[in-house]
Each structure stands twice: as structure tokens, then as C-alpha cells.
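> Dropping a structure here in C-alpha cells format, bear with me for questions.
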Amino acid sequence: MTGRACGKVILLGEHAVVYGVPALAVGIDRGVEATAERLTDDGASVLCLEGSGEVLVTDDSDLARAFHEVLSASDVSAPMRVTVHAELPPGAGLGCSAAIGVAIGRALGEALGQPASLEQSVARAMAWERVFHGNPSGVDAAVSAQGGCIRFVRGEPPQPLRLATKLELAIGHTGQSSSTKTMVEGVARLRARRPAVFQKSLDGIRSLVTNAQLALDAGDLKGLGQLMDLNQMLLSGMFLSTPEIEALCASAREEGALGAKLTGAGGGGCVVALCAGNADAVVARWQREGFSGFVTIVHPAEGRT
Ligand code: MEV
């Protein structure tokens with residue numbers, strides 16, 4: 001009994017979304033697959049996560065606690081064996097954690113003969129996410145469960161967006177992982193120290209997101225790229241960028257990308273570059289520079305109307 005969930009890229013609005021600013025995010029085809037089966041004995045449920053070995057739900061670890069939360073949110077009391085295969089690097093800003101939560105929640109639903117609805121998938125992923133992230137806005141869980149392109153405001157149902165044209169994205173990995181929880185806490189400290197300056201950044205990001213939504217609707221990729229570059233400037237001003245992120249963005253722009261920025265929590269992880277026929281060249285350039293990367297295309301059909 002299998003459940004799948006997609007990874008994600010935030011086009012604009014990460015971190016600000018924690019404080020109620022809208023974010024624009026897309027699902028990507030790399031994701032997570034989970035399988036669930038009922039154990040025949042009366043032992044504890046087991047989670048097999050590639051790279052982390054086997055975890056019993058009764059263990060004293062965050063993984064075990066998150067597993068317990070997602071089992072409870074799925075109303076599962078019978079012992080289960082859940083196996084997870086992730087095609088996404090962890091701690092890279094591509095929504096690996098939320099996708100694991102969605103995929104497990106879906107696999108459990110299938111195994112119990114009660115397939116999870118969209119809302120149930122998001123609720124199960126949020127139960128998983130809260131253990132690791134403390135204060136998640138919910139954007140990762142929403143886009144991982146729904147796919148396509150969404151506008152997300154914290155506490156509101158995600159709004160599917162129609163894409164006027166395909167988005168060709170190059171995703172580059174700095175090679176460093178980062179903790180979303182730590183980065184979100186760092187931003188909260190910045191907000192407490194300099195509330196007025198922080199509010200100006202939030203206002204700036206809000207206006208970039210509004211314009212980016214118009215650009216997406218009009219198929220104005222050049223405009224969208226420029227707005228992503230401006231978002232990157234504001235994110236660097238919030239101390240979320242690193243020399244590697246800046247290097248990846250600069251190389252992408254030199255190769256002709258329309259815009260480039262960190263995606264997700266920053267402090268390492270991935271950058272996203274919006275391309276127009278040159279995503280392969282951008283990834284090849286990153287590889288020559290010692291970084292890894294891949295191309296992903298978001299098709300208009302994946303954005304719902
Ligand atoms: C992480 O993918 C996105 C952040 O905005 C955190 C969140 O929204 O929960 C950094």
C-alpha cells in the first residue's frame with residue numbers, strides 16, 4: 001500500500017509566510033514514496049527511513065515522536081511497518097520533511113482502506129512537521145499534498161494558481177544542509193531585535209509576491225525572474241543567504257537565467273533559477289563549479305484553475 005507526495009520549490013515568500021505574507025510555491029516531480037503494511041504480531045509500529053535505519057514508535061527520538069504523531073493523526077492504533085524512500089535531499093529546502101509526512105499519511109490511509117483526503121493528508125503532514133519545525137507555516141505540507149502551483153497564506157486554504165506558461169527551473173544544491181527550525185528561529189530573533197526594519201522587509205516581500213502572481217498569470221517570465229532576484233536581496237538582508245547560495249545565483253544569472261534565489265529556509269540548501277531554454281546549461285555550469293543540480297519543469301496543466 002503506497003503513498004506518494006511531491007517535493008516543492010518556493011518561488012517567492014519563504015520566511016515571510018510564517019508571518020502571514022502570501023507565498024508562491026510549486027510541486028516538483030521528485031518526491032517521496034512510502035509503503036505501509038499491517039504487522040501481524042502485536043509489537044510496536046516500525047518506521048524504515050532510508051539512511052536512518054529502523055525506528056520503533058516507542059523510541060526516544062524526534063523521528064519516533066513524529067512517527068507517533070502521524071499515526072495518531074491518521075487514527076491508526078494497529079501496529080504498522082512503514083518504509084520511506086525519498087528522492088529529495090533532506091535539509092535542502094525542497095520540502096523533504098513535509099513530503100515524508102504526506103506520503104506516510106497517504107500510505108497509512110491506503111493500508112487501512114480509507115484513502116486520505118487532501119485535508120487529511122495536510123493534517124497528517126503537519127503533525128509530522130511540527131515535531132521538527134516548531135512553527136511551520138504549512139506551505140510545505142500544502143504544496144506537497146496538492147502539487148501544481150499554489151498561493152499560500154498561513155491559516156487559509158491554499159489557492160491553486162493557473163500557469164500561463166510552463167516554468168523551467170534549475171535547482172542547485174549548495175552541498176550544505178540546514179535546519180528549517182534553526183533558520184526560522186533566527187528570523188524570529190531578528191524580528192524581535194529590529195521590528196521596524198523587519199516589517200519593511202515583510203512589506204517588500206508582500207509586494208513582490210503580489211506582482212509575481214500577476215507575472216505568473218500573464219506568462220511574464222522575465223518579470224517573474226526580476227521579482228525573484230529582488231526577493232533574494234531581501235532574504236540576504238535577513239541573513240538567510242550564504243556565499244555558496246550567492247555563488248550559485250550569480251552563475252545561474254551569468255548563464256542567462258531570468259532570476260535566481262534561495263528556496264526554503266536558506267542558510268545552505270538549494271537555490272532555484274528560473275530559466276528559458278537554458279536550464280541544462282545552468283546545471284552544467286554548477287556542476288563544473290563543483291555543485292550538483294537538476295532541472296524540473298512545472299507544466300501549466302499541473303496548476304489548477
Ligand atoms: C520552509 O520551506 C519555508 C519556511 O518559510 C518555513 C515555513 O514556512 O514553515 C522557511
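Note on naming: chains are A, B, ... as they come in the C-alpha cells, residues start from 1 per chain, ligands start from 1 in the order shown.
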If we count only C-alpha atoms, what is near Ala44 (chain A) at a cut-off of 7 Å, once residues fewer than 2 positions away on the same chain are taken out, given as an mmCIF file with C-alpha atoms, in the first residue's frame?


```
data_model
loop_
_atom_site.group_PDB
_atom_site.id
_atom_site.type_symbol
_atom_site.label_atom_id
_atom_site.label_comp_id
_atom_site.auth_asym_id
_atom_site.auth_seq_id
_atom_site.Cartn_x
_atom_site.Cartn_y
_atom_site.Cartn_z
ATOM 1 C CA ASP A 42 1.372 -7.103 18.484
ATOM 2 C CA VAL A 46 8.224 0.425 12.837
ATOM 3 C CA LEU A 56 10.347 1.965 16.699
ATOM 4 C CA VAL A 57 7.457 4.292 17.522
ATOM 5 C CA THR A 58 8.318 3.794 21.201
ATOM 6 C CA PRO A 79 0.969 -1.953 14.638
#
```

> At most 8 Å is the cut-off: for each residue in chain A with any atom that close to an atom of ligand 1, write down the nearest atom pair and the distance in Å rounded to one decimal, counting only C-alpha atoms and all ligand atoms, chain first then increasing number, as a tab-separated table.


```
residue	atom	partner	partner_atom_place_in_ligand_line	distance
A:Val9	CA	ligand 1	2 (O)	7.9
A:Ile10	CA	ligand 1	2 (O)	7.1
A:Gly13	CA	ligand 1	5 (O)	7.2
A:Glu14	CA	ligand 1	5 (O)	3.8
A:His15	CA	ligand 1	5 (O)	3.6
A:Ala16	CA	ligand 1	5 (O)	6.5
A:Val17	CA	ligand 1	5 (O)	5.5
A:Val18	CA	ligand 1	8 (O)	5.1
A:Gly93	CA	ligand 1	2 (O)	5.3
A:Leu94	CA	ligand 1	2 (O)	6.9
A:Gly95	CA	ligand 1	2 (O)	5.8
A:His133	CA	ligand 1	9 (O)	7.3
A:Asn135	CA	ligand 1	9 (O)	6.3
A:Pro136	CA	ligand 1	9 (O)	3.3
A:Ser137	CA	ligand 1	9 (O)	3.9
A:Gly138	CA	ligand 1	9 (O)	5.7
A:Val139	CA	ligand 1	8 (O)	5.5
A:Asp140	CA	ligand 1	2 (O)	5.7
A:Thr180	CA	ligand 1	10 (C)	6.0
A:Lys181	CA	ligand 1	6 (C)	7.9
A:Met183	CA	ligand 1	10 (C)	7.2
A:Val184	CA	ligand 1	10 (C)	6.0
A:Thr263	CA	ligand 1	2 (O)	7.3
A:Gly264	CA	ligand 1	2 (O)	3.8
A:Ala265	CA	ligand 1	10 (C)	3.9
A:Gly266	CA	ligand 1	10 (C)	7.4
```

> Check the DSSP output for the backbone and give back, as JSON, numbers by chain, the residues of region 104-273 of chain A in alpha helix (DSSP H).

{"A": [104, 105, 106, 107, 108, 109, 110, 111, 118, 119, 120, 121, 122, 123, 124, 125, 126, 127, 128, 129, 130, 131, 132, 133, 139, 140, 141, 142, 143, 144, 145, 146, 180, 181, 182, 183, 184, 185, 186, 187, 188, 189, 190, 191, 192, 193, 195, 196, 197, 198, 199, 200, 201, 202, 203, 204, 205, 206, 207, 208, 209, 210, 211, 212, 213, 214, 215, 216, 217, 218, 221, 222, 223, 224, 225, 226, 227, 228, 229, 230, 231, 232, 233, 234, 235, 236, 237, 243, 244, 245, 246, 247, 248, 249, 250, 251, 252, 253, 254]}

> Can you spit out the residues from that selection as a JSON list (two decimals), in the first residue's frame, using C-alpha atoms?


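As a result, out37.json now contains:
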```json
[["chain", "number", "residue", "atom", "x", "y", "z"],
["A", 104, "ILE", "CA", 3.29, 8.26, 5.19],
["A", 105, "GLY", "CA", -0.20, 9.63, 5.88],
["A", 106, "ARG", "CA", -1.34, 8.51, 2.42],
["A", 107, "ALA", "CA", 0.27, 5.07, 2.70],
["A", 108, "LEU", "CA", -1.44, 4.51, 6.08],
["A", 109, "GLY", "CA", -4.78, 5.53, 4.58],
["A", 110, "GLU", "CA", -4.32, 3.05, 1.72],
["A", 111, "ALA", "CA", -3.25, 0.26, 4.08],
["A", 118, "LEU", "CA", -6.34, 16.34, 0.64],
["A", 119, "GLU", "CA", -7.17, 17.94, 4.00],
["A", 120, "GLN", "CA", -6.32, 14.74, 5.90],
["A", 121, "SER", "CA", -3.00, 14.44, 4.03],
["A", 122, "VAL", "CA", -2.10, 18.02, 5.01],
["A", 123, "ALA", "CA", -3.16, 17.48, 8.65],
["A", 124, "ARG", "CA", -1.05, 14.30, 8.91],
["A", 125, "ALA", "CA", 1.96, 16.04, 7.36],
["A", 126, "MET", "CA", 1.56, 18.98, 9.75],
["A", 127, "ALA", "CA", 1.53, 16.57, 12.71],
["A", 128, "TRP", "CA", 4.86, 15.19, 11.41],
["A", 129, "GLU", "CA", 6.31, 18.64, 10.60],
["A", 130, "ARG", "CA", 5.55, 20.20, 14.00],
["A", 131, "VAL", "CA", 7.92, 17.79, 15.74],
["A", 132, "PHE", "CA", 10.86, 19.01, 13.66],
["A", 133, "HIS", "CA", 9.99, 22.62, 12.86],
["A", 139, "VAL", "CA", 3.18, 25.93, 2.99],
["A", 140, "ASP", "CA", 5.36, 22.84, 2.55],
["A", 141, "ALA", "CA", 2.63, 20.40, 3.59],
["A", 142, "ALA", "CA", 0.04, 22.18, 1.42],
["A", 143, "VAL", "CA", 2.07, 22.16, -1.79],
["A", 144, "SER", "CA", 3.40, 18.66, -1.19],
["A", 145, "ALA", "CA", -0.13, 17.29, -0.85],
["A", 146, "GLN", "CA", -1.67, 19.35, -3.64],
["A", 180, "THR", "CA", 14.44, 24.97, 9.00],
["A", 181, "LYS", "CA", 13.74, 25.23, 12.73],
["A", 182, "THR", "CA", 17.06, 26.99, 13.38],
["A", 183, "MET", "CA", 16.65, 29.36, 10.44],
["A", 184, "VAL", "CA", 13.05, 30.24, 11.40],
["A", 185, "GLU", "CA", 14.18, 30.88, 14.98],
["A", 186, "GLY", "CA", 16.99, 33.13, 13.71],
["A", 187, "VAL", "CA", 14.48, 35.19, 11.75],
["A", 188, "ALA", "CA", 12.24, 35.43, 14.83],
["A", 189, "ARG", "CA", 15.20, 36.85, 16.81],
["A", 190, "LEU", "CA", 15.87, 39.38, 14.05],
["A", 191, "ARG", "CA", 12.21, 40.41, 14.16],
["A", 192, "ALA", "CA", 12.37, 40.86, 17.95],
["A", 193, "ARG", "CA", 15.59, 42.94, 17.70],
["A", 195, "PRO", "CA", 10.81, 45.12, 14.41],
["A", 196, "ALA", "CA", 10.51, 48.22, 12.19],
["A", 197, "VAL", "CA", 13.21, 47.14, 9.72],
["A", 198, "PHE", "CA", 11.79, 43.61, 9.72],
["A", 199, "GLN", "CA", 8.31, 44.92, 8.93],
["A", 200, "LYS", "CA", 9.73, 46.85, 5.93],
["A", 201, "SER", "CA", 11.21, 43.58, 4.60],
["A", 202, "LEU", "CA", 7.86, 41.82, 5.06],
["A", 203, "ASP", "CA", 6.07, 44.66, 3.26],
["A", 204, "GLY", "CA", 8.61, 44.45, 0.44],
["A", 205, "ILE", "CA", 8.19, 40.68, 0.08],
["A", 206, "ARG", "CA", 4.39, 41.03, 0.13],
["A", 207, "SER", "CA", 4.54, 43.44, -2.79],
["A", 208, "LEU", "CA", 6.96, 41.19, -4.71],
["A", 209, "VAL", "CA", 4.62, 38.23, -4.24],
["A", 210, "THR", "CA", 1.60, 40.24, -5.43],
["A", 211, "ASN", "CA", 3.47, 41.26, -8.57],
["A", 212, "ALA", "CA", 4.83, 37.75, -9.10],
["A", 213, "GLN", "CA", 1.31, 36.36, -9.08],
["A", 214, "LEU", "CA", 0.37, 38.86, -11.81],
["A", 215, "ALA", "CA", 3.51, 37.89, -13.76],
["A", 216, "LEU", "CA", 2.65, 34.17, -13.49],
["A", 217, "ASP", "CA", -0.87, 34.87, -14.68],
["A", 218, "ALA", "CA", 0.38, 36.88, -17.65],
["A", 221, "LEU", "CA", 8.74, 35.11, -17.09],
["A", 222, "LYS", "CA", 11.21, 37.99, -17.40],
["A", 223, "GLY", "CA", 9.23, 39.97, -14.82],
["A", 224, "LEU", "CA", 8.93, 36.92, -12.58],
["A", 225, "GLY", "CA", 12.70, 36.39, -12.71],
["A", 226, "GLN", "CA", 13.37, 40.00, -11.72],
["A", 227, "LEU", "CA", 11.00, 39.67, -8.78],
["A", 228, "MET", "CA", 12.81, 36.51, -7.66],
["A", 229, "ASP", "CA", 16.13, 38.40, -7.77],
["A", 230, "LEU", "CA", 14.62, 41.15, -5.59],
["A", 231, "ASN", "CA", 13.26, 38.55, -3.16],
["A", 232, "GLN", "CA", 16.78, 37.12, -2.90],
["A", 233, "MET", "CA", 18.09, 40.60, -1.97],
["A", 234, "LEU", "CA", 15.56, 40.89, 0.84],
["A", 235, "LEU", "CA", 16.30, 37.35, 2.05],
["A", 236, "SER", "CA", 20.05, 38.16, 2.17],
["A", 237, "GLY", "CA", 19.16, 41.23, 4.21],
["A", 243, "PRO", "CA", 28.47, 32.63, -0.03],
["A", 244, "GLU", "CA", 27.54, 29.34, -1.76],
["A", 245, "ILE", "CA", 23.95, 30.49, -2.33],
["A", 246, "GLU", "CA", 25.23, 33.78, -3.77],
["A", 247, "ALA", "CA", 27.72, 31.91, -6.00],
["A", 248, "LEU", "CA", 25.01, 29.59, -7.37],
["A", 249, "CYS", "CA", 22.68, 32.54, -8.04],
["A", 250, "ALA", "CA", 25.43, 34.57, -9.75],
["A", 251, "SER", "CA", 26.46, 31.66, -12.01],
["A", 252, "ALA", "CA", 22.84, 30.99, -12.96],
["A", 253, "ARG", "CA", 22.33, 34.64, -13.93],
["A", 254, "GLU", "CA", 25.58, 34.66, -15.92]]
```

> Residues near region 150-156 of chain A, anyone? I mean within 6 Å using only C-alpha atoms, not counting same-chain ones fewer than 4 positions away, as a list in words.

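So, after excluding close chain neighbours, the residues are Gly20, Pro22, Ala23, Leu24, Ala25, Ser137, Pro160 and Leu161 of chain A.
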
> Kindly indicate which residue among A:Ile100, A:Leu47, A:Cys275, A:Asp60 lies nearest to Val32 (chain A), using only C-alpha atoms for the distances.

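Among A:Ile100, A:Leu47, A:Cys275, A:Asp60, it is A:Ile100 that comes nearest to Val32 (chain A).
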
> Hey, what does DSSP flag as strand (DSSP E or B) within region 33-127 of chain A? Can you give it to me as a ChimeraX atom specification?

/A:33-38,46-49,53-56,80-86

> Write a file of the selected residues as a PDB file, in the first residue's frame, keeping N, CA and C atoms.


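To be explicit, this is the file written out as part_17.pdb:
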```
ATOM      1  N   GLU A  33       8.146   8.396  -1.607  1.00  0.00           N
ATOM      2  CA  GLU A  33       7.187   7.293  -1.685  1.00  0.00           C
ATOM      3  C   GLU A  33       7.228   6.526  -0.365  1.00  0.00           C
ATOM      4  N   ALA A  34       6.081   6.202   0.163  1.00  0.00           N
ATOM      5  CA  ALA A  34       6.022   5.416   1.407  1.00  0.00           C
ATOM      6  C   ALA A  34       5.136   4.200   1.172  1.00  0.00           C
ATOM      7  N   THR A  35       5.493   3.099   1.821  1.00  0.00           N
ATOM      8  CA  THR A  35       4.601   1.930   1.804  1.00  0.00           C
ATOM      9  C   THR A  35       4.262   1.569   3.244  1.00  0.00           C
ATOM     10  N   ALA A  36       3.056   1.122   3.445  1.00  0.00           N
ATOM     11  CA  ALA A  36       2.621   0.759   4.806  1.00  0.00           C
ATOM     12  C   ALA A  36       1.965  -0.612   4.769  1.00  0.00           C
ATOM     13  N   GLU A  37       2.280  -1.440   5.746  1.00  0.00           N
ATOM     14  CA  GLU A  37       1.602  -2.737   5.869  1.00  0.00           C
ATOM     15  C   GLU A  37       1.333  -3.003   7.343  1.00  0.00           C
ATOM     16  N   ARG A  38       0.271  -3.709   7.592  1.00  0.00           N
ATOM     17  CA  ARG A  38      -0.081  -4.050   8.969  1.00  0.00           C
ATOM     18  C   ARG A  38       0.794  -5.186   9.465  1.00  0.00           C
ATOM     19  N   VAL A  46       6.838   0.222  13.251  1.00  0.00           N
ATOM     20  CA  VAL A  46       8.224   0.425  12.837  1.00  0.00           C
ATOM     21  C   VAL A  46       8.259   1.352  11.628  1.00  0.00           C
ATOM     22  N   LEU A  47       9.215   2.286  11.651  1.00  0.00           N
ATOM     23  CA  LEU A  47       9.439   3.175  10.509  1.00  0.00           C
ATOM     24  C   LEU A  47      10.815   2.876   9.949  1.00  0.00           C
ATOM     25  N   CYS A  48      10.883   2.565   8.649  1.00  0.00           N
ATOM     26  CA  CYS A  48      12.189   2.337   7.993  1.00  0.00           C
ATOM     27  C   CYS A  48      12.416   3.492   7.034  1.00  0.00           C
ATOM     28  N   LEU A  49      13.324   4.370   7.411  1.00  0.00           N
ATOM     29  CA  LEU A  49      13.601   5.554   6.607  1.00  0.00           C
ATOM     30  C   LEU A  49      14.996   5.356   6.044  1.00  0.00           C
ATOM     31  N   GLY A  53      17.876   3.945   9.101  1.00  0.00           N
ATOM     32  CA  GLY A  53      17.627   2.614   9.648  1.00  0.00           C
ATOM     33  C   GLY A  53      16.202   2.491  10.169  1.00  0.00           C
ATOM     34  N   GLU A  54      16.016   1.578  11.108  1.00  0.00           N
ATOM     35  CA  GLU A  54      14.671   1.308  11.624  1.00  0.00           C
ATOM     36  C   GLU A  54      14.440   2.053  12.936  1.00  0.00           C
ATOM     37  N   VAL A  55      13.256   2.636  13.050  1.00  0.00           N
ATOM     38  CA  VAL A  55      12.890   3.367  14.262  1.00  0.00           C
ATOM     39  C   VAL A  55      11.598   2.766  14.788  1.00  0.00           C
ATOM     40  N   LEU A  56      11.595   2.436  16.085  1.00  0.00           N
ATOM     41  CA  LEU A  56      10.347   1.965  16.699  1.00  0.00           C
ATOM     42  C   LEU A  56       9.574   3.178  17.189  1.00  0.00           C
ATOM     43  N   MET A  80       2.022  -1.070  12.643  1.00  0.00           N
ATOM     44  CA  MET A  80       2.270  -0.957  11.201  1.00  0.00           C
ATOM     45  C   MET A  80       3.770  -0.947  10.927  1.00  0.00           C
ATOM     46  N   ARG A  81       4.124  -1.376   9.728  1.00  0.00           N
ATOM     47  CA  ARG A  81       5.500  -1.225   9.250  1.00  0.00           C
ATOM     48  C   ARG A  81       5.441  -0.255   8.077  1.00  0.00           C
ATOM     49  N   VAL A  82       6.165   0.860   8.201  1.00  0.00           N
ATOM     50  CA  VAL A  82       6.147   1.892   7.152  1.00  0.00           C
ATOM     51  C   VAL A  82       7.566   2.060   6.620  1.00  0.00           C
ATOM     52  N   THR A  83       7.693   2.001   5.295  1.00  0.00           N
ATOM     53  CA  THR A  83       9.006   2.158   4.661  1.00  0.00           C
ATOM     54  C   THR A  83       8.969   3.399   3.780  1.00  0.00           C
ATOM     55  N   VAL A  84      10.008   4.230   3.885  1.00  0.00           N
ATOM     56  CA  VAL A  84      10.016   5.511   3.170  1.00  0.00           C
ATOM     57  C   VAL A  84      11.227   5.593   2.248  1.00  0.00           C
ATOM     58  N   HIS A  85      10.950   5.946   0.995  1.00  0.00           N
ATOM     59  CA  HIS A  85      12.034   6.190   0.027  1.00  0.00           C
ATOM     60  C   HIS A  85      11.920   7.639  -0.444  1.00  0.00           C
ATOM     61  N   ALA A  86      12.934   8.444  -0.142  1.00  0.00           N
ATOM     62  CA  ALA A  86      12.895   9.873  -0.507  1.00  0.00           C
ATOM     63  C   ALA A  86      13.834  10.138  -1.675  1.00  0.00           C
TER      64      ALA A  86
END
```

> Which one of A:Val102, A:Gln159, A:Gln287, A:Ser97 sits closest to Leu71 (chain A) if you count only C-alpha atoms?

A:Val102

> Applying 6 Å and only C-alpha atoms, which residues near Val271 (chain A) remain after dropping the ones on its own chain fewer than 5 positions away? List them as a count of residues only.

5
